[in-house]
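A quick write-up on the structure given underneath.
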Amino acid sequence: MEGEHRLSPSSWNRFETCPRMHWLSRQGLPRKTGMAAALGTAVHASIEDLLNLDLADRPRASMGWLPEEGERLLRDRWTEEKAAFHATPRHPRWKEERWSEALDGQRGGIDLLLRWVGVQGLAHDRVTVALWSRVQERVLVVEGEVISRDGRLGGRVDLLLEEVADDGTTTAWVVADLKTGRAPEGDLKPEVDRQLRFYRDILMANNPDAPAVRAEGWYTMDRTTWVASKDGVLEDAYLAWEATIPSEAPAEATPGESSCGGFCDWKAWCPHWLRWRQDEGRLDDGEFRDAVVRVVARPKGSSTVQAERQVFDAEGRLGDGGGRLSVTFTGSSIDRLDALMEQDAAGPIFLGSALARGTDWRIGHWCDVLAWSPIPDA
Ligand code: SF4
């Protein structure tokens, strides 16, 4: 099993946030997705398609083709992502209205690539086949695997670019990771910085004769590029590889604001976040709340139920005691409630991101409605 184990930057980030989060993500539990991830994947893939486009048969001077071709490729990828989104067990509502954001993300990526070959502010319908071919020539790898020689560390880089001097000699390789989210304010986020250095350092270790290698985050939204910091990460990456070797026993949980308080998709299977919130006296924090409830009354045909919030008692048993709520289910969340009630009408239910107004809570397409089934520590 050890031989097959490979650490990617995203699994490393999960592990650093909370080892139990990483462990739970490997247990085959129902996956979750969101609109930002789907939009990002569609934009990435469409830019990669543009870079792989075969332009051999087109006249070198022709213009006006790029906006149309870009939109066609993005539409194909958008449709593909939409199907994958709906096939993912836990997903909110698909927001078709974010198409224009995706289009802008793709345009941002094109602007960054044009800037890479020294062209700025050129309208996309003025880009000739010859100019785009120049962009393509300066991209060494599109969506390529970068794996350490021992196979333990690896992942996929969006782009590996060649930096050349005026005389045509190669001065550097640049790993560019396209980012469709908000650009940093000040510094790269530590997890993004770590991811970029991970790829850079594997490339350098695998290619001792390579020119200088740098890694950059390319933010399509505001067309900015950010260089990763200098320190090497491979030593830490191998320690993380060791610590993440698959095990049957659940890994350590590190509940807290930066772990449970951020995004963790696995709360319904983790016994620790509720304990942490309860012990910290923070069950009622925030407008959007996670909770474990038990439905105690559901008027026939109604989508509003009376529920008892579940908390741990002094012996560590889960039970009533967190207070009575009136919870209204809307849209697709009603079906999820019905399915759970059919399975076990009195069972504990995990509600993720419920909109709380005092004791009146609202559950919508954005919420998790899952059977509360924590995997015990041992
Ligand atoms: S809920 Fe908190 S403690 Fe549990 S896995 Fe997620 S981040 Fe870790």
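By convention here, the chains of the structure tokens are called A, B, ... in the order presented, each chain's residues are numbered starting at 1, and ligands are numbered starting at 1 in the order presented.
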Inset, instruction - Write as a list of chain:residue names the residues around ligand 1, taking 7 Å as the cut-off and counting only C-alpha atoms and all ligand atoms. - result: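 The neighbouring residues of ligand 1 are, in order, A:Thr17, A:Cys18, A:Pro19, A:Arg20, A:Met21, A:Leu24, A:Ala253, A:Thr254, A:Pro255, A:Gly256, A:Ser259, A:Cys260, A:Cys264, A:Asp265, A:Trp266, A:Lys267, A:Cys270, A:Pro271, A:His272, A:Trp273.
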Legend entry - 10 Å contact set for segment 57-66 of chain A, only C-alpha atoms, chain neighbours under 5 positions out, as number ranges by chain: A: 50, 71-72, 110, 123-133
Inset, instruction - Identify all residues of segment 73-165 of chain A in helix (DSSP H, G or I) (DSSP on the backbone) and supply them as a ChimeraX atom specification. - result: /A:73-87,96-116,124-126,129-137
Legend entry - Top pick for closest residue to Thr180 of chain A, considering A:Asp201, A:Asp222, A:Asp158, A:Glu145 and counting only C-alpha atoms: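 Among the listed residues, the smallest separation from Thr180 of chain A belongs to A:Asp222.
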Legend entry - Near-Pro190 of chain A list (10 Å; only C-alpha atoms; drop same-chain fewer than 5 positions) as a VMD selection string: chain A and resid 13 195 to 196 228 to 229
Keeping N, CA and C atoms for every residue in the selection just given, could you write it to a file as a short mmCIF file (atom, residue, chain, number, x, y, z; two decimals), in the first residue's frame?
data_model
loop_
_atom_site.label_atom_id
_atom_site.label_comp_id
_atom_site.auth_asym_id
_atom_site.auth_seq_id
_atom_site.Cartn_x
_atom_site.Cartn_y
_atom_site.Cartn_z
N ASN A 13 -2.31 20.04 1.70
CA ASN A 13 -3.01 21.17 2.33
C ASN A 13 -4.10 20.70 3.28
N GLN A 195 1.85 25.00 -2.52
CA GLN A 195 1.54 24.23 -3.73
C GLN A 195 2.50 24.59 -4.87
N LEU A 196 2.73 25.90 -5.06
CA LEU A 196 3.60 26.34 -6.14
C LEU A 196 5.04 25.87 -5.92
N ALA A 228 6.04 32.61 -6.11
CA ALA A 228 6.12 31.87 -4.85
C ALA A 228 7.41 32.24 -4.11
N SER A 229 7.39 32.05 -2.80
CA SER A 229 8.57 32.39 -2.01
C SER A 229 9.70 31.39 -2.27
#
Inset, instruction - List every residue of segment 72-184 of chain A that DSSP, applied to the backbone of this structure, places in strand (DSSP E), and write the result as a VMD selection string. - result: chain A and resid 139 to 147 154 to 164 170 to 179
Inset, instruction - Within 12 Å of Asp76 of chain A, counting only C-alpha atoms, which residues show up once you throw out same-chain ones fewer than 5 positions away? Write them as a PyMOL selection string, please. - result: chain A and resi 41-43+45-47+49+69-71+81-83
Inset, instruction - Tell me which of A:Thr169, A:Ser303, A:Gln27, A:Thr225 sits closest to Leu337 of chain A, counting only C-alpha atoms. - result: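 Checking each candidate against Leu337 of chain A, we get A:Ser303 as the closest.
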Legend entry - Among listed residues A:Val146, A:Ala84, A:Ala251, A:Val175, nearest Glu16 of chain A (using only C-alpha atoms):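 Checking each of A:Val146, A:Ala84, A:Ala251, A:Val175 against Glu16 of chain A, counting only C-alpha atoms, the winner is A:Ala251.
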Legend entry - Ala215 of chain A surroundings by only C-alpha atoms, 8 Å radius, close-in-sequence under 4 positions cut, as a list of chain:residue names: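 Contacts, with the query itself left out: A:Val174, A:Val175, A:Ala176, A:Asp177, A:Leu196, A:Arg197, A:Tyr199, A:Arg200, A:Val227, A:Ala228.
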Just C-alpha atoms for this one: save the residues we selected as a compact mmCIF listing (two decimals), in the first residue's frame.
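The resulting file, result25.txt, is reproduced below:
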# COMPACT_ATOMS: atom_id res chain seq x y z
CA VAL A 174 8.10 29.02 -15.08
CA VAL A 175 5.40 26.89 -13.49
CA ALA A 176 2.19 28.91 -13.82
CA ASP A 177 -0.88 27.89 -11.89
CA LEU A 196 3.60 26.34 -6.14
CA ARG A 197 6.89 25.57 -4.37
CA TYR A 199 5.86 21.76 -8.16
CA ARG A 200 8.90 24.00 -8.55
CA VAL A 227 5.82 34.59 -7.50
CA ALA A 228 6.12 31.87 -4.85
Legend entry - Long-range neighbours of segment 241-247 of chain A as a ChimeraX atom specification, 12 Å cut-off, only C-alpha atoms, 6 positions minimum in chain: /A:1-9,11-16,18-27,148,150-154,234-235,378
Store the residues of this selection in a file with N, CA and C atoms, as a short mmCIF file (atom, residue, chain, number, x, y, z; two decimals), in the first residue's frame.
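Writing done, so here's again29.cif:
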data_model
loop_
_atom_site.label_atom_id
_atom_site.label_comp_id
_atom_site.auth_asym_id
_atom_site.auth_seq_id
_atom_site.Cartn_x
_atom_site.Cartn_y
_atom_site.Cartn_z
N MET A 1 0.83 -1.21 0.00
CA MET A 1 0.00 0.00 0.00
C MET A 1 0.87 1.26 0.00
N GLU A 2 2.05 1.14 0.74
CA GLU A 2 2.94 2.28 0.84
C GLU A 2 3.46 2.72 -0.53
N GLY A 3 3.75 1.70 -1.39
CA GLY A 3 4.28 1.99 -2.70
C GLY A 3 3.32 2.78 -3.56
N GLU A 4 2.03 2.64 -3.35
CA GLU A 4 1.04 3.33 -4.18
C GLU A 4 0.71 4.71 -3.66
N HIS A 5 1.18 5.00 -2.48
CA HIS A 5 0.77 6.24 -1.84
C HIS A 5 1.52 7.44 -2.43
N ARG A 6 0.77 8.46 -2.89
CA ARG A 6 1.39 9.67 -3.44
C ARG A 6 0.73 10.89 -2.83
N LEU A 7 1.55 11.85 -2.48
CA LEU A 7 1.04 13.08 -1.87
C LEU A 7 0.92 14.16 -2.94
N SER A 8 -0.25 14.75 -3.04
CA SER A 8 -0.45 15.89 -3.96
C SER A 8 -0.53 17.16 -3.13
N PRO A 9 -0.37 18.32 -3.76
CA PRO A 9 -0.46 19.56 -2.97
C PRO A 9 -1.81 19.71 -2.27
N SER A 11 -3.87 17.31 -1.19
CA SER A 11 -3.99 16.43 -0.02
C SER A 11 -3.04 16.91 1.08
N TRP A 12 -1.90 17.46 0.70
CA TRP A 12 -1.00 18.00 1.71
C TRP A 12 -1.67 19.17 2.45
N ASN A 13 -2.31 20.04 1.70
CA ASN A 13 -3.01 21.17 2.33
C ASN A 13 -4.10 20.70 3.28
N ARG A 14 -4.83 19.67 2.85
CA ARG A 14 -5.88 19.14 3.75
C ARG A 14 -5.24 18.60 5.03
N PHE A 15 -4.14 17.88 4.85
CA PHE A 15 -3.46 17.30 6.01
C PHE A 15 -2.97 18.40 6.96
N GLU A 16 -2.42 19.47 6.42
CA GLU A 16 -1.92 20.56 7.27
C GLU A 16 -3.07 21.25 7.99
N CYS A 18 -5.98 19.83 8.91
CA CYS A 18 -6.43 18.91 9.95
C CYS A 18 -6.19 17.48 9.43
N PRO A 19 -5.34 16.71 10.09
CA PRO A 19 -5.06 15.35 9.62
C PRO A 19 -6.33 14.50 9.49
N ARG A 20 -7.30 14.73 10.39
CA ARG A 20 -8.55 13.95 10.29
C ARG A 20 -9.31 14.34 9.01
N MET A 21 -9.26 15.60 8.63
CA MET A 21 -9.93 16.03 7.39
C MET A 21 -9.34 15.25 6.22
N HIS A 22 -8.02 15.17 6.20
CA HIS A 22 -7.35 14.42 5.12
C HIS A 22 -7.77 12.95 5.16
N TRP A 23 -7.79 12.38 6.36
CA TRP A 23 -8.14 10.96 6.49
C TRP A 23 -9.58 10.72 6.02
N LEU A 24 -10.49 11.59 6.46
CA LEU A 24 -11.90 11.42 6.05
C LEU A 24 -12.07 11.56 4.54
N SER A 25 -11.26 12.43 3.94
CA SER A 25 -11.39 12.64 2.49
C SER A 25 -11.01 11.39 1.70
N ARG A 26 -10.35 10.41 2.36
CA ARG A 26 -9.93 9.18 1.68
C ARG A 26 -10.82 7.99 2.02
N GLN A 27 -11.94 8.22 2.65
CA GLN A 27 -12.77 7.09 3.11
C GLN A 27 -13.93 6.76 2.16
N SER A 148 7.72 13.24 -8.48
CA SER A 148 9.10 13.05 -8.00
C SER A 148 9.61 11.70 -8.51
N ASP A 150 10.89 9.21 -7.12
CA ASP A 150 10.49 8.04 -6.35
C ASP A 150 8.99 7.82 -6.36
N GLY A 151 8.25 8.69 -7.03
CA GLY A 151 6.80 8.51 -7.18
C GLY A 151 5.98 8.92 -5.96
N ARG A 152 6.65 9.43 -4.92
CA ARG A 152 5.91 9.71 -3.69
C ARG A 152 5.18 11.05 -3.71
N LEU A 153 5.69 12.00 -4.48
CA LEU A 153 5.09 13.33 -4.52
C LEU A 153 4.68 13.62 -5.95
N GLY A 154 3.53 14.24 -6.12
CA GLY A 154 3.15 14.56 -7.50
C GLY A 154 1.82 15.24 -7.61
N LEU A 234 10.60 20.37 -0.11
CA LEU A 234 10.58 18.91 -0.29
C LEU A 234 10.76 18.14 1.01
N GLU A 235 11.60 18.67 1.90
CA GLU A 235 11.81 17.97 3.17
C GLU A 235 10.46 17.85 3.91
N ALA A 378 -11.47 5.45 17.55
CA ALA A 378 -10.78 4.15 17.55
C ALA A 378 -11.76 3.07 17.16
#
Inset, instruction - Please provide as a VMD selection string all residues within 10 Å of Trp173 of chain A, with the sequence filter that same-chain residues fewer than 4 positions apart are discarded (counting only C-alpha atoms). - result: chain A and resid 139 to 140 160 to 164 200 203 to 204 210 to 215
Legend entry - Residue nearest Glu101 of chain A among A:Gln343, A:Thr220, A:Ser326, A:Gln310 (counting only C-alpha atoms):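 Looking at the shortest contact to Glu101 of chain A, the residue is A:Thr220.
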Inset, instruction - Select, from A:Met221, A:Ala339, A:Leu283, A:Leu74, the residue with the minimum atom-to-atom distance to Gly181 of chain A, counting only C-alpha atoms. - result: A:Met221
Legend entry - Residue among A:Glu137, A:Arg90, A:Trp116, A:Leu159 lying closest to Gly352 of chain A, counting only C-alpha atoms: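 Under the stated criterion, the closest residue is A:Arg90.
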